[in-house]
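So this one's entry-v3.tsv, TSV, C-alpha atoms:
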```
chain	number	residue	atom	x	y	z
A	10	PRO	CA	55.97	114.53	99.49
A	11	GLU	CA	56.99	111.71	101.77
A	12	VAL	CA	60.51	111.44	103.16
A	13	ASP	CA	61.44	108.55	100.84
A	14	GLU	CA	60.47	110.66	97.81
A	15	VAL	CA	63.12	113.23	98.74
A	16	ASN	CA	65.57	110.74	100.24
A	17	PRO	CA	68.35	112.87	101.79
A	18	THR	CA	71.13	110.79	103.32
A	19	PHE	CA	70.20	111.73	106.89
A	20	THR	CA	67.07	109.60	106.37
A	21	TRP	CA	68.90	106.56	104.92
A	22	ASN	CA	69.07	103.32	106.86
A	23	ASP	CA	72.39	101.88	108.02
A	24	ASP	CA	72.55	99.32	105.19
A	25	ASP	CA	72.39	102.07	102.58
A	26	LEU	CA	74.81	104.33	104.45
A	27	LYS	CA	77.31	101.45	104.54
A	28	PHE	CA	77.77	101.97	100.80
A	29	LEU	CA	79.21	105.44	101.56
A	30	ASP	CA	81.92	104.15	103.92
A	31	GLY	CA	85.03	106.28	103.61
A	32	SER	CA	83.15	109.28	102.22
A	33	PRO	CA	83.04	112.52	104.22
A	34	VAL	CA	79.26	112.40	103.64
A	35	ILE	CA	79.05	109.80	106.42
A	36	ALA	CA	80.37	112.17	109.10
A	37	ALA	CA	78.08	114.99	107.92
A	38	THR	CA	75.10	112.63	107.86
A	39	LYS	CA	75.76	111.23	111.35
A	40	SER	CA	76.26	114.75	112.70
A	41	LEU	CA	72.93	115.94	111.27
A	42	GLN	CA	71.12	112.84	112.53
A	43	MET	CA	72.42	113.42	116.06
A	44	LYS	CA	71.53	117.12	115.88
A	45	LEU	CA	67.94	116.34	114.85
A	46	ARG	CA	67.56	113.80	117.63
A	47	ARG	CA	69.07	116.14	120.22
A	48	GLU	CA	66.85	119.06	119.23
A	49	TYR	CA	63.71	116.88	119.11
A	50	ASP	CA	64.38	115.55	122.61
A	51	ALA	CA	65.11	119.04	123.95
A	52	LEU	CA	62.01	120.66	122.48
A	53	LEU	CA	59.37	117.95	122.14
A	54	GLY	CA	60.02	114.35	123.05
A	55	GLY	CA	62.46	114.35	125.95
A	56	ASP	CA	61.70	114.31	129.67
A	57	GLY	CA	60.09	117.59	130.68
A	58	ALA	CA	59.74	118.78	127.07
A	59	LEU	CA	56.56	120.07	125.43
A	60	CYS	CA	54.94	116.64	125.00
A	61	ASP	CA	55.26	116.13	128.77
A	62	LYS	CA	54.28	119.65	129.78
A	63	PHE	CA	51.35	120.13	127.41
A	64	PRO	CA	50.11	116.67	126.32
A	65	ASP	CA	46.79	118.11	125.04
A	66	ARG	CA	48.52	120.53	122.68
A	67	PHE	CA	51.44	118.25	121.79
A	68	PRO	CA	50.14	114.65	121.78
A	69	ARG	CA	52.99	112.18	121.35
A	70	GLU	CA	51.15	110.19	118.69
A	71	LEU	CA	51.33	113.26	116.41
A	72	PHE	CA	54.57	114.91	117.49
A	73	THR	CA	56.74	111.88	116.80
A	74	PHE	CA	60.41	111.86	115.87
A	75	GLU	CA	59.43	110.51	112.42
A	76	ASN	CA	57.22	113.56	111.83
A	77	TRP	CA	60.01	115.80	113.10
A	78	VAL	CA	62.39	114.29	110.51
A	79	TRP	CA	59.73	114.71	107.81
A	80	ALA	CA	59.35	118.40	108.71
A	81	PHE	CA	63.07	119.05	108.48
A	82	THR	CA	63.31	117.08	105.24
A	83	MET	CA	60.73	119.47	103.77
A	84	LEU	CA	62.50	122.51	105.24
A	85	PHE	CA	65.97	121.55	103.98
A	86	SER	CA	64.85	120.50	100.50
A	87	ARG	CA	61.96	122.88	99.72
A	88	ALA	CA	62.34	126.14	101.64
A	89	ILE	CA	63.27	129.15	99.51
A	90	ARG	CA	65.21	132.16	100.75
A	91	LEU	CA	63.38	135.38	99.81
A	92	ARG	CA	65.73	138.34	100.17
A	93	ASN	CA	63.50	141.26	99.15
A	94	LEU	CA	60.54	140.91	101.50
A	95	LYS	CA	59.42	144.12	103.19
A	96	ILE	CA	60.14	142.54	106.57
A	97	GLY	CA	63.62	141.57	105.41
A	98	GLU	CA	65.22	138.31	104.33
A	99	SER	CA	63.27	135.19	105.29
A	100	LEU	CA	62.77	131.51	104.47
A	101	ALA	CA	59.44	130.55	102.92
A	102	MET	CA	57.62	127.47	101.67
A	103	VAL	CA	56.33	128.44	98.20
A	104	PRO	CA	53.90	125.98	96.56
A	105	TYR	CA	54.89	124.94	93.00
A	106	ALA	CA	58.13	126.93	93.16
A	107	ASP	CA	59.60	124.08	95.21
A	108	LEU	CA	59.10	121.76	92.23
A	109	ILE	CA	61.76	123.53	90.15
A	110	ASN	CA	64.86	121.38	89.71
A	111	HIS	CA	68.46	122.35	90.33
A	112	SER	CA	71.17	123.11	87.80
A	113	PRO	CA	74.52	124.58	88.85
A	114	PHE	CA	74.68	126.28	85.44
A	115	SER	CA	71.41	128.21	85.83
A	116	GLY	CA	71.26	131.92	86.61
A	117	ALA	CA	67.50	131.94	87.18
A	118	TYR	CA	66.34	132.64	90.71
A	119	ILE	CA	63.23	133.12	92.86
A	120	ASP	CA	62.57	136.18	95.00
A	121	ALA	CA	59.79	138.36	96.36
A	122	ARG	CA	58.64	141.74	95.09
A	123	GLU	CA	55.89	144.21	95.81
A	124	THR	CA	52.94	143.97	93.42
A	125	GLY	CA	51.90	146.80	91.11
A	126	ASP	CA	53.83	148.70	88.44
A	127	TRP	CA	56.91	150.85	88.66
A	128	LEU	CA	54.87	153.89	89.74
A	129	PHE	CA	51.97	152.56	91.81
A	130	LYS	CA	52.47	149.76	94.33
A	131	THR	CA	49.59	147.89	95.96
A	132	GLY	CA	51.35	147.17	99.23
A	133	GLU	CA	51.01	143.43	98.69
A	134	GLU	CA	53.85	141.07	97.83
A	135	GLU	CA	54.32	138.19	95.43
A	136	VAL	CA	56.93	135.59	94.66
A	137	ILE	CA	58.38	135.70	91.16
A	138	LEU	CA	60.80	133.60	89.15
A	139	TYR	CA	63.41	135.68	87.32
A	140	ALA	CA	64.54	133.76	84.21
A	141	ASP	CA	68.15	133.89	83.07
A	142	ARG	CA	67.29	133.65	79.35
A	143	GLY	CA	64.41	133.15	76.93
A	144	TYR	CA	62.67	129.77	77.20
A	145	ARG	CA	60.67	127.88	74.60
A	146	LYS	CA	57.13	126.75	75.33
A	147	MET	CA	57.16	123.58	77.51
A	148	GLU	CA	60.94	123.83	78.02
A	149	GLN	CA	61.99	123.00	81.57
A	150	ILE	CA	63.41	125.86	83.58
A	151	TYR	CA	66.01	125.30	86.29
A	152	ILE	CA	67.23	127.35	89.21
A	153	SER	CA	70.42	126.96	91.19
A	154	TYR	CA	70.15	125.81	94.79
A	155	GLY	CA	73.53	127.42	95.33
A	156	PRO	CA	77.20	126.43	94.73
A	157	LYS	CA	76.80	123.07	96.47
A	158	SER	CA	79.01	120.01	96.22
A	159	ASN	CA	77.51	116.59	95.54
A	160	ALA	CA	78.00	115.74	99.21
A	161	GLU	CA	75.78	118.69	100.21
A	162	LEU	CA	73.20	117.82	97.56
A	163	LEU	CA	73.03	114.21	98.76
A	164	LEU	CA	72.83	115.23	102.40
A	165	LEU	CA	69.99	117.73	101.99
A	166	TYR	CA	68.24	116.93	98.70
A	167	GLY	CA	68.85	113.24	98.08
A	168	PHE	CA	70.54	113.50	94.67
A	169	ALA	CA	73.96	114.15	93.12
A	170	LEU	CA	75.07	115.38	89.69
A	171	GLU	CA	77.48	113.85	87.20
A	172	ARG	CA	78.50	117.34	86.01
A	173	ASN	CA	78.93	119.62	88.98
A	174	PRO	CA	81.53	122.43	88.76
A	175	PHE	CA	81.19	122.95	92.53
A	176	ASN	CA	81.84	119.34	93.45
A	177	SER	CA	84.49	118.86	96.10
A	178	VAL	CA	85.69	116.37	98.69
A	179	ASP	CA	86.60	117.46	102.20
A	180	VAL	CA	90.17	116.49	103.05
A	181	THR	CA	91.40	116.53	106.64
A	182	VAL	CA	94.77	118.21	107.14
A	183	SER	CA	96.25	117.57	110.56
A	184	ILE	CA	99.70	118.76	111.56
A	185	ILE	CA	100.41	118.83	115.29
A	186	PRO	CA	103.55	120.83	116.12
A	187	ARG	CA	106.05	118.62	117.95
A	188	THR	CA	106.58	120.33	121.29
A	189	ALA	CA	109.32	119.15	123.62
A	190	GLU	CA	106.68	117.85	126.04
A	191	MET	CA	104.99	115.86	123.28
A	192	VAL	CA	108.24	114.28	122.10
A	193	GLU	CA	109.13	113.33	125.67
A	194	ALA	CA	105.67	111.94	126.43
A	195	ASN	CA	105.70	109.76	123.30
A	196	ASN	CA	109.33	108.60	123.83
A	197	SER	CA	109.85	109.63	120.22
A	198	ASP	CA	113.18	109.70	118.40
A	199	GLU	CA	112.00	112.74	116.43
A	200	GLU	CA	113.39	116.12	117.37
A	201	ALA	CA	111.07	118.74	118.86
A	202	ASP	CA	110.04	121.61	116.59
A	203	PRO	CA	111.69	124.78	117.96
A	204	LEU	CA	108.75	126.80	116.57
A	205	ALA	CA	106.04	124.49	117.93
A	206	GLU	CA	104.81	126.72	120.76
A	207	GLU	CA	104.84	129.80	118.54
A	208	LYS	CA	102.87	127.96	115.84
A	209	MET	CA	100.27	126.79	118.33
A	210	GLU	CA	99.84	130.30	119.68
A	211	PHE	CA	99.53	131.65	116.12
A	212	ILE	CA	96.75	129.24	115.13
A	213	ARG	CA	94.94	129.79	118.43
A	214	ASN	CA	94.95	133.54	117.80
A	215	ALA	CA	93.69	132.88	114.26
A	216	GLY	CA	90.83	130.76	115.62
A	217	ARG	CA	92.14	127.62	113.94
A	218	ASP	CA	92.81	124.10	115.20
A	219	ASN	CA	95.58	121.60	114.51
A	220	THR	CA	93.11	119.55	112.48
A	221	VAL	CA	91.24	121.37	109.71
A	222	ASP	CA	88.93	120.14	106.95
A	223	PHE	CA	89.37	121.80	103.56
A	224	PRO	CA	87.37	121.19	100.37
A	225	CYS	CA	89.45	119.92	97.45
A	226	TYR	CA	88.05	120.52	93.96
A	227	ALA	CA	88.97	118.77	90.72
A	228	ASP	CA	91.13	121.66	89.54
A	229	ARG	CA	91.89	123.69	92.65
A	230	TYR	CA	92.10	123.78	96.42
A	231	PRO	CA	91.48	126.63	98.87
A	232	VAL	CA	94.07	129.35	99.35
A	233	GLU	CA	93.34	129.09	103.09
A	234	MET	CA	94.71	125.54	103.09
A	235	LEU	CA	98.02	126.70	101.58
A	236	GLU	CA	98.27	129.55	104.08
A	237	TYR	CA	97.67	127.18	106.99
A	238	LEU	CA	100.24	124.66	105.75
A	239	ARG	CA	102.87	127.29	104.96
A	240	LEU	CA	102.70	128.34	108.58
A	241	MET	CA	102.84	124.78	109.89
A	242	GLN	CA	105.82	123.90	107.67
A	243	MET	CA	107.96	126.86	108.79
A	244	THR	CA	111.42	126.02	110.14
A	245	PRO	CA	114.14	128.06	111.91
A	246	GLU	CA	115.96	128.15	108.53
A	247	ASP	CA	112.96	130.09	107.19
A	248	THR	CA	112.51	132.49	110.12
A	249	ARG	CA	116.14	133.09	111.20
A	250	GLY	CA	114.85	134.44	114.50
A	251	LYS	CA	112.05	136.54	113.09
A	252	PRO	CA	108.54	136.05	114.54
A	253	LEU	CA	106.05	133.96	112.53
A	254	TYR	CA	103.65	136.88	112.21
A	255	ALA	CA	106.27	138.79	110.19
A	256	PHE	CA	105.70	136.51	107.18
A	257	ASP	CA	102.97	136.76	104.54
A	258	TYR	CA	101.46	133.29	104.17
A	259	THR	CA	99.42	134.29	101.13
A	260	ARG	CA	102.73	134.08	99.22
A	261	THR	CA	105.29	131.36	98.66
A	262	ILE	CA	107.65	131.53	101.65
A	263	SER	CA	110.50	129.53	100.12
A	264	ALA	CA	111.00	126.66	97.69
A	265	ALA	CA	111.61	124.17	100.50
A	266	ASN	CA	108.57	125.36	102.44
A	267	GLU	CA	106.31	125.18	99.37
A	268	ALA	CA	107.56	121.68	98.53
A	269	ALA	CA	106.72	120.52	102.06
A	270	VAL	CA	103.28	122.15	101.76
A	271	LEU	CA	102.33	120.54	98.45
A	272	LYS	CA	103.68	117.14	99.49
A	273	SER	CA	101.67	117.29	102.72
A	274	VAL	CA	98.51	117.99	100.67
A	275	VAL	CA	99.29	114.97	98.48
A	276	GLU	CA	99.73	112.87	101.61
A	277	ALA	CA	96.41	114.13	103.06
A	278	VAL	CA	94.56	113.34	99.82
A	279	ARG	CA	96.12	109.86	99.68
A	280	MET	CA	94.99	109.26	103.27
A	281	GLN	CA	91.45	110.25	102.29
A	282	LEU	CA	91.57	107.80	99.36
A	283	GLY	CA	92.76	105.10	101.75
A	284	ARG	CA	89.63	105.50	103.89
A	285	TYR	CA	87.43	103.91	101.23
A	286	PRO	CA	87.11	100.14	101.62
A	287	ASN	CA	87.24	99.63	97.84
A	288	THR	CA	88.84	101.25	94.81
A	289	GLU	CA	87.50	103.36	91.98
A	290	GLU	CA	88.04	100.35	89.69
A	291	ASP	CA	85.85	98.22	91.98
A	292	ASP	CA	83.07	100.80	91.75
A	293	ALA	CA	83.43	100.99	87.97
A	294	ASN	CA	83.05	97.22	87.71
A	295	ILE	CA	79.90	97.29	89.87
A	296	ILE	CA	78.37	99.98	87.67
A	297	LYS	CA	79.41	98.14	84.50
A	298	ASP	CA	77.72	94.92	85.65
A	299	LYS	CA	74.17	96.03	84.87
A	300	GLY	CA	72.58	92.89	86.31
A	301	LEU	CA	74.36	93.32	89.65
A	302	PHE	CA	73.81	97.08	89.69
A	303	ARG	CA	70.04	96.67	89.25
A	304	LEU	CA	69.92	94.46	92.33
A	305	LEU	CA	71.01	97.40	94.49
A	306	SER	CA	68.47	99.83	95.90
A	307	TYR	CA	68.20	103.35	94.51
A	308	ASN	CA	70.13	104.75	97.49
A	309	GLN	CA	72.87	102.14	97.10
A	310	ARG	CA	73.26	102.88	93.38
A	311	MET	CA	73.47	106.59	94.18
A	312	ALA	CA	76.09	105.86	96.84
A	313	VAL	CA	78.27	103.80	94.48
A	314	ARG	CA	78.20	106.54	91.84
A	315	HIS	CA	78.95	109.20	94.43
A	316	ARG	CA	81.90	107.43	96.06
A	317	ARG	CA	83.35	106.65	92.63
A	318	ASN	CA	83.16	110.33	91.64
A	319	GLU	CA	84.83	111.32	94.91
A	320	LYS	CA	87.73	108.95	94.23
A	321	ARG	CA	88.12	110.24	90.69
A	322	LEU	CA	88.21	113.82	91.95
A	323	LEU	CA	90.83	112.96	94.58
A	324	LYS	CA	93.00	111.17	92.00
A	325	ARG	CA	92.83	114.20	89.71
A	326	THR	CA	93.83	116.39	92.65
A	327	ILE	CA	96.91	114.23	93.30
A	328	ALA	CA	97.87	114.28	89.61
A	329	ALA	CA	97.51	118.08	89.48
A	330	LEU	CA	99.60	118.52	92.64
A	331	GLU	CA	102.38	116.22	91.43
A	332	LYS	CA	102.47	118.06	88.11
A	333	GLN	CA	102.70	121.36	89.97
A	334	ILE	CA	105.57	120.04	92.09
A	335	ARG	CA	107.50	119.02	88.96
A	336	LYS	CA	106.67	122.23	87.08
A	337	LYS	CA	107.90	124.41	89.93
A	338	GLY	CA	111.04	122.32	90.39
A	339	LEU	CA	110.03	121.36	93.91
A	340	ASP	CA	111.13	117.75	93.46
A	341	ALA	CA	114.80	118.82	93.35
A	342	PRO	CA	117.14	118.08	96.29
A	343	ASP	CA	118.47	120.72	98.68
A	344	LEU	CA	115.78	123.35	98.09
A	345	GLN	CA	116.40	126.77	99.61
A	346	ARG	CA	114.73	128.07	102.78
A	347	ALA	CA	113.71	131.71	103.25
A	348	GLY	CA	116.70	132.57	105.41
A	349	GLY	CA	114.75	135.25	107.28
A	350	SER	CA	113.49	137.00	104.14
A	351	THR	CA	109.84	138.04	104.38
A	352	LEU	CA	109.61	139.00	100.70
A	353	GLY	CA	108.54	135.54	99.54
A	354	GLU	CA	109.86	133.66	96.52
A	355	VAL	CA	108.68	133.46	92.92
A	356	LEU	CA	108.96	129.87	91.68
A	357	PRO	CA	109.21	128.63	88.08
A	358	GLY	CA	105.73	128.65	86.56
A	359	ASP	CA	104.47	131.40	88.87
A	360	ARG	CA	103.01	134.53	87.36
A	361	VAL	CA	105.74	136.63	85.75
A	362	GLY	CA	106.13	140.18	86.98
A	363	LYS	CA	105.92	141.98	90.27
A	364	GLN	CA	104.48	139.81	92.98
A	365	LYS	CA	101.22	141.27	94.32
A	366	THR	CA	100.95	142.56	97.84
A	367	ALA	CA	98.31	141.20	100.18
A	368	LEU	CA	96.27	144.40	99.63
A	369	GLU	CA	96.45	143.98	95.86
A	370	ASP	CA	95.27	140.38	96.25
A	371	ARG	CA	92.23	141.55	98.21
A	372	LEU	CA	91.43	144.30	95.71
A	373	GLU	CA	91.64	141.85	92.82
A	374	LYS	CA	89.29	139.42	94.61
A	375	MET	CA	86.84	142.30	94.99
A	376	GLY	CA	86.96	142.85	91.22
A	377	LEU	CA	89.07	146.00	91.46
A	378	PRO	CA	92.11	145.71	89.11
A	379	VAL	CA	94.30	148.07	91.11
A	380	ASP	CA	98.07	147.89	90.69
A	381	LEU	CA	99.76	149.52	93.65
A	382	LYS	CA	103.12	151.01	92.72
```
Same coordinates, now as structure tokens:
Amino acid sequence: PEVDEVNPTFTWNDDDLKFLDGSPVIAATKSLQMKLRREYDALLGGDGALCDKFPDRFPRELFTFENWVWAFTMLFSRAIRLRNLKIGESLAMVPYADLINHSPFSGAYIDARETGDWLFKTGEEEVILYADRGYRKMEQIYISYGPKSNAELLLLYGFALERNPFNSVDVTVSIIPRTAEMVEANNSDEEADPLAEEKMEFIRNAGRDNTVDFPCYADRYPVEMLEYLRLMQMTPEDTRGKPLYAFDYTRTISAANEAAVLKSVVEAVRMQLGRYPNTEEDDANIIKDKGLFRLLSYNQRMAVRHRRNEKRLLKRTIAALEKQIRKKGLDAPDLQRAGGSTLGEVLPGDRVGKQKTALEDRLEKMGLPVDLK
């Protein structure tokens, strides 16, 4: 197929991309566009690259940037990962198999296997589709391209889904510890954070940065985000002189710490909502006006639907967080700090019973229901 038949966002023109302003898809798209250009120049089209060194083998009229983009469009949208090849896992272009559409609810998958029966193998290999259930004659079969958000689907495949259980919006969480030098340099009236240097050393050792992007889903957000924010919201009233590494950030540290964490997530999500130049209601009105909506190009209509769904997801995230704050009593004044206790705190609405250790958490995530006494 041609590029415009697939239509991933990294091939959209600037007019169409403008309709995604405020969406994290823009940053991902621009990053991929720059990467493709950089790699094309380094390998083929730049000064001293293959088109210069071997013009007979790599004529510029054939090895153009447009053809390079076409090749990667095919690779991103049509290549299939075969895990059971004799040579090991590999990507492959499989005719006809690349026509199968995506459903996040499908358990069917494509893989390679050696031909022959269970006893005698021929030594050759074939690609086979393993169905997840019985199918009627002429019924369409779907496979899953993986647990991808609509942003990933738009970026690589040129479509998005109305019902996508893996849909998420990346939210940027940035908390820079206030060191004494920073407060002095900014002539700020704010007090320096006594734990600032220790926090910065902690996140450096953990391979993190002050600014981190986390995916927010309609009904959940990553545990890693809570762990990061619990660390960044620690105060001397929590530590009481104990080192930061003595605390288990997979647990609630204290009521006051957890309140600061959840409220900072709400603030980050609100900031993401504020990046869009228009509201969800504006998008709904555009979609509702069928005459106006039909005047937009296919890409622009896709962009309007996508940005509206992102805003709806973010609003649901805020509502869920605010409900959680109320349910746990974290909107009350004068919440308690940890006071040096590393045992954590069980809040109202948390699971009743013995709080799990970090090891028990890991075992449970592995599917091993082990209760350590």
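Candidate residues A:Val355, A:Leu339, A:Phe19, A:Asp25 were compared for distance to Tyr307 (chain A), and the nearest is A:Asp25, using only C-alpha atoms.
Nearest to Arg87 (chain A) of all the residues A:Ala121, A:Leu128, A:Ala169, A:Ala106 is A:Ala106, based on only C-alpha atoms.
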Go ahead and compute the interatomic distance for CA of Gly116 (chain A) and CA of Asp141 (chain A), in Å to one decimal.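 Computing the Euclidean distance for CA of Gly116 (chain A) and CA of Asp141 (chain A) yields 5.1 Å.
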Go ahead and find all residues with at least one atom no further than 10 Å from (85.6, 118.0, 102.4) in the file's coordinates, using all atoms listed in the file; report them as a list of chain:residue names.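 Taken together, the residues in range are A:Ser32, A:Pro33, A:Val34, A:Ala37, A:Ser158, A:Ala160, A:Asn176, A:Ser177, A:Val178, A:Asp179, A:Val180, A:Thr181, A:Val221, A:Asp222, A:Phe223, A:Pro224, A:Cys225, A:Tyr226, A:Gln281.
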With C-alpha atoms retained, write the just-selected residues as a compact mmCIF listing (two decimals), keeping the file's coordinate frame.
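Output file part_30.txt is given in full below:
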```txt
# COMPACT_ATOMS: atom_id res chain seq x y z
CA SER A 32 83.15 109.28 102.22
CA PRO A 33 83.04 112.52 104.22
CA VAL A 34 79.26 112.40 103.64
CA ALA A 37 78.08 114.99 107.92
CA SER A 158 79.01 120.01 96.22
CA ALA A 160 78.00 115.74 99.21
CA ASN A 176 81.84 119.34 93.45
CA SER A 177 84.49 118.86 96.10
CA VAL A 178 85.69 116.37 98.69
CA ASP A 179 86.60 117.46 102.20
CA VAL A 180 90.17 116.49 103.05
CA THR A 181 91.40 116.53 106.64
CA VAL A 221 91.24 121.37 109.71
CA ASP A 222 88.93 120.14 106.95
CA PHE A 223 89.37 121.80 103.56
CA PRO A 224 87.37 121.19 100.37
CA CYS A 225 89.45 119.92 97.45
CA TYR A 226 88.05 120.52 93.96
CA GLN A 281 91.45 110.25 102.29
```
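All residues of protein, DNA or RNA that reach within 12 Å of Ile295 (chain A), judged by all atoms listed in the file and not counting those fewer than 3 positions away in the chain, are Asn287, Thr288, Glu289, Glu290, Asp291, Asp292, Asp298, Lys299, Gly300, Leu301, Phe302, Arg303, Leu304, Leu305, Gln309, Arg310, Ala312, Val313, Arg314 and Arg317 of chain A.
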Now that the selection is made, can you save its residues with C-alpha atoms as a compact mmCIF listing (two decimals), in the coordinates of the input?
```
# COMPACT_ATOMS: atom_id res chain seq x y z
CA ASN A 287 87.24 99.63 97.84
CA THR A 288 88.84 101.25 94.81
CA GLU A 289 87.50 103.36 91.98
CA GLU A 290 88.04 100.35 89.69
CA ASP A 291 85.85 98.22 91.98
CA ASP A 292 83.07 100.80 91.75
CA ASP A 298 77.72 94.92 85.65
CA LYS A 299 74.17 96.03 84.87
CA GLY A 300 72.58 92.89 86.31
CA LEU A 301 74.36 93.32 89.65
CA PHE A 302 73.81 97.08 89.69
CA ARG A 303 70.04 96.67 89.25
CA LEU A 304 69.92 94.46 92.33
CA LEU A 305 71.01 97.40 94.49
CA GLN A 309 72.87 102.14 97.10
CA ARG A 310 73.26 102.88 93.38
CA ALA A 312 76.09 105.86 96.84
CA VAL A 313 78.27 103.80 94.48
CA ARG A 314 78.20 106.54 91.84
CA ARG A 317 83.35 106.65 92.63
```
Give me the residues near Tyr49 (chain A) as an mmCIF file with C-alpha atoms, in the frame of the given file, where near means some atom within 10 Å (using all atoms listed in the file) and where sequence neighbours in that chain fewer than 2 positions away do not count.
```cif
data_model
loop_
_atom_site.group_PDB
_atom_site.id
_atom_site.type_symbol
_atom_site.label_atom_id
_atom_site.label_comp_id
_atom_site.auth_asym_id
_atom_site.auth_seq_id
_atom_site.Cartn_x
_atom_site.Cartn_y
_atom_site.Cartn_z
ATOM 1 C CA MET A 43 72.420 113.420 116.060
ATOM 2 C CA LYS A 44 71.530 117.120 115.880
ATOM 3 C CA LEU A 45 67.940 116.340 114.850
ATOM 4 C CA ARG A 46 67.560 113.800 117.630
ATOM 5 C CA ARG A 47 69.070 116.140 120.220
ATOM 6 C CA ALA A 51 65.110 119.040 123.950
ATOM 7 C CA LEU A 52 62.010 120.660 122.480
ATOM 8 C CA LEU A 53 59.370 117.950 122.140
ATOM 9 C CA GLY A 54 60.020 114.350 123.050
ATOM 10 C CA GLY A 55 62.460 114.350 125.950
ATOM 11 C CA ALA A 58 59.740 118.780 127.070
ATOM 12 C CA PHE A 72 54.570 114.910 117.490
ATOM 13 C CA THR A 73 56.740 111.880 116.800
ATOM 14 C CA PHE A 74 60.410 111.860 115.870
ATOM 15 C CA TRP A 77 60.010 115.800 113.100
ATOM 16 C CA VAL A 78 62.390 114.290 110.510
#
```
Point-to-point distance from CA of Thr20 (chain A) to CA of Tyr285 (chain A), Å rounded to tenths: 21.8 Å
Glu75 (chain A) proximity check over A:Glu276, A:Asp120, A:Glu246, A:Asp13, using only C-alpha atoms: winner is A:Asp13
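CA of Glu123 (chain A) sits 24.4 Å away from CA of Gly155 (chain A).
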Within 10 Å of Thr244 (chain A) using all atoms listed in the file, minus same-chain residues under 2 positions, as JSON, numbers by chain: {"A": [202, 203, 204, 205, 240, 241, 242, 246, 247, 248, 249, 253, 265, 266, 346, 347, 348]}
Pick out the residues sitting within 10 Å of Leu271 (chain A), and hand them over as a PyMOL selection string; count all atoms listed in the file, and ignore anything fewer than 5 positions along from it in its own chain. chain A and resi 235+238-239+266+276-277+327+330-331+333-334+339
Once you count all atoms listed in the file, which residues end up no further than 10 Å from (66.2, 120.8, 93.2) in the file's frame, shown as a ChimeraX atom specification? /A:15,86-87,107-112,151-154,162,166-168
Write out, as an mmCIF file, in the frame of the given file, the residues just selected, with C-alpha atoms.
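In the end it all went to selection-v7.cif:
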```cif
data_model
loop_
_atom_site.group_PDB
_atom_site.id
_atom_site.type_symbol
_atom_site.label_atom_id
_atom_site.label_comp_id
_atom_site.auth_asym_id
_atom_site.auth_seq_id
_atom_site.Cartn_x
_atom_site.Cartn_y
_atom_site.Cartn_z
ATOM 1 C CA VAL A 15 63.120 113.230 98.740
ATOM 2 C CA SER A 86 64.850 120.500 100.500
ATOM 3 C CA ARG A 87 61.960 122.880 99.720
ATOM 4 C CA ASP A 107 59.600 124.080 95.210
ATOM 5 C CA LEU A 108 59.100 121.760 92.230
ATOM 6 C CA ILE A 109 61.760 123.530 90.150
ATOM 7 C CA ASN A 110 64.860 121.380 89.710
ATOM 8 C CA HIS A 111 68.460 122.350 90.330
ATOM 9 C CA SER A 112 71.170 123.110 87.800
ATOM 10 C CA TYR A 151 66.010 125.300 86.290
ATOM 11 C CA ILE A 152 67.230 127.350 89.210
ATOM 12 C CA SER A 153 70.420 126.960 91.190
ATOM 13 C CA TYR A 154 70.150 125.810 94.790
ATOM 14 C CA LEU A 162 73.200 117.820 97.560
ATOM 15 C CA TYR A 166 68.240 116.930 98.700
ATOM 16 C CA GLY A 167 68.850 113.240 98.080
ATOM 17 C CA PHE A 168 70.540 113.500 94.670
#
```
Of the residues A:Val275, A:Met83, A:Gln42, A:Asp65, which is the one nearest to Asn22 (chain A), using all atoms listed in the file? A:Gln42
Of the residues A:Ser350, A:Asn308, A:Ser263, A:Ser183, which is the one nearest to Lys251 (chain A), using all atoms listed in the file?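 Ranking A:Ser350, A:Asn308, A:Ser263, A:Ser183 by distance to Lys251 (chain A), first place goes to A:Ser350.
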Between A:Pro286, A:Ile119, A:Glu210, A:Met234, which one has atoms that come closest to Lys27 (chain A), using all atoms listed in the file?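 With all atoms listed in the file as the atom set, the closest residue is A:Pro286.
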Using all atoms listed in the file, determine which residues lie at most 12 Å from Gly143 (chain A), disregarding the query and same-chain residues fewer than 6 positions distant; provide the list as a list of chain:residue names. A:Gly116, A:Ala117, A:Gln149, A:Ile150
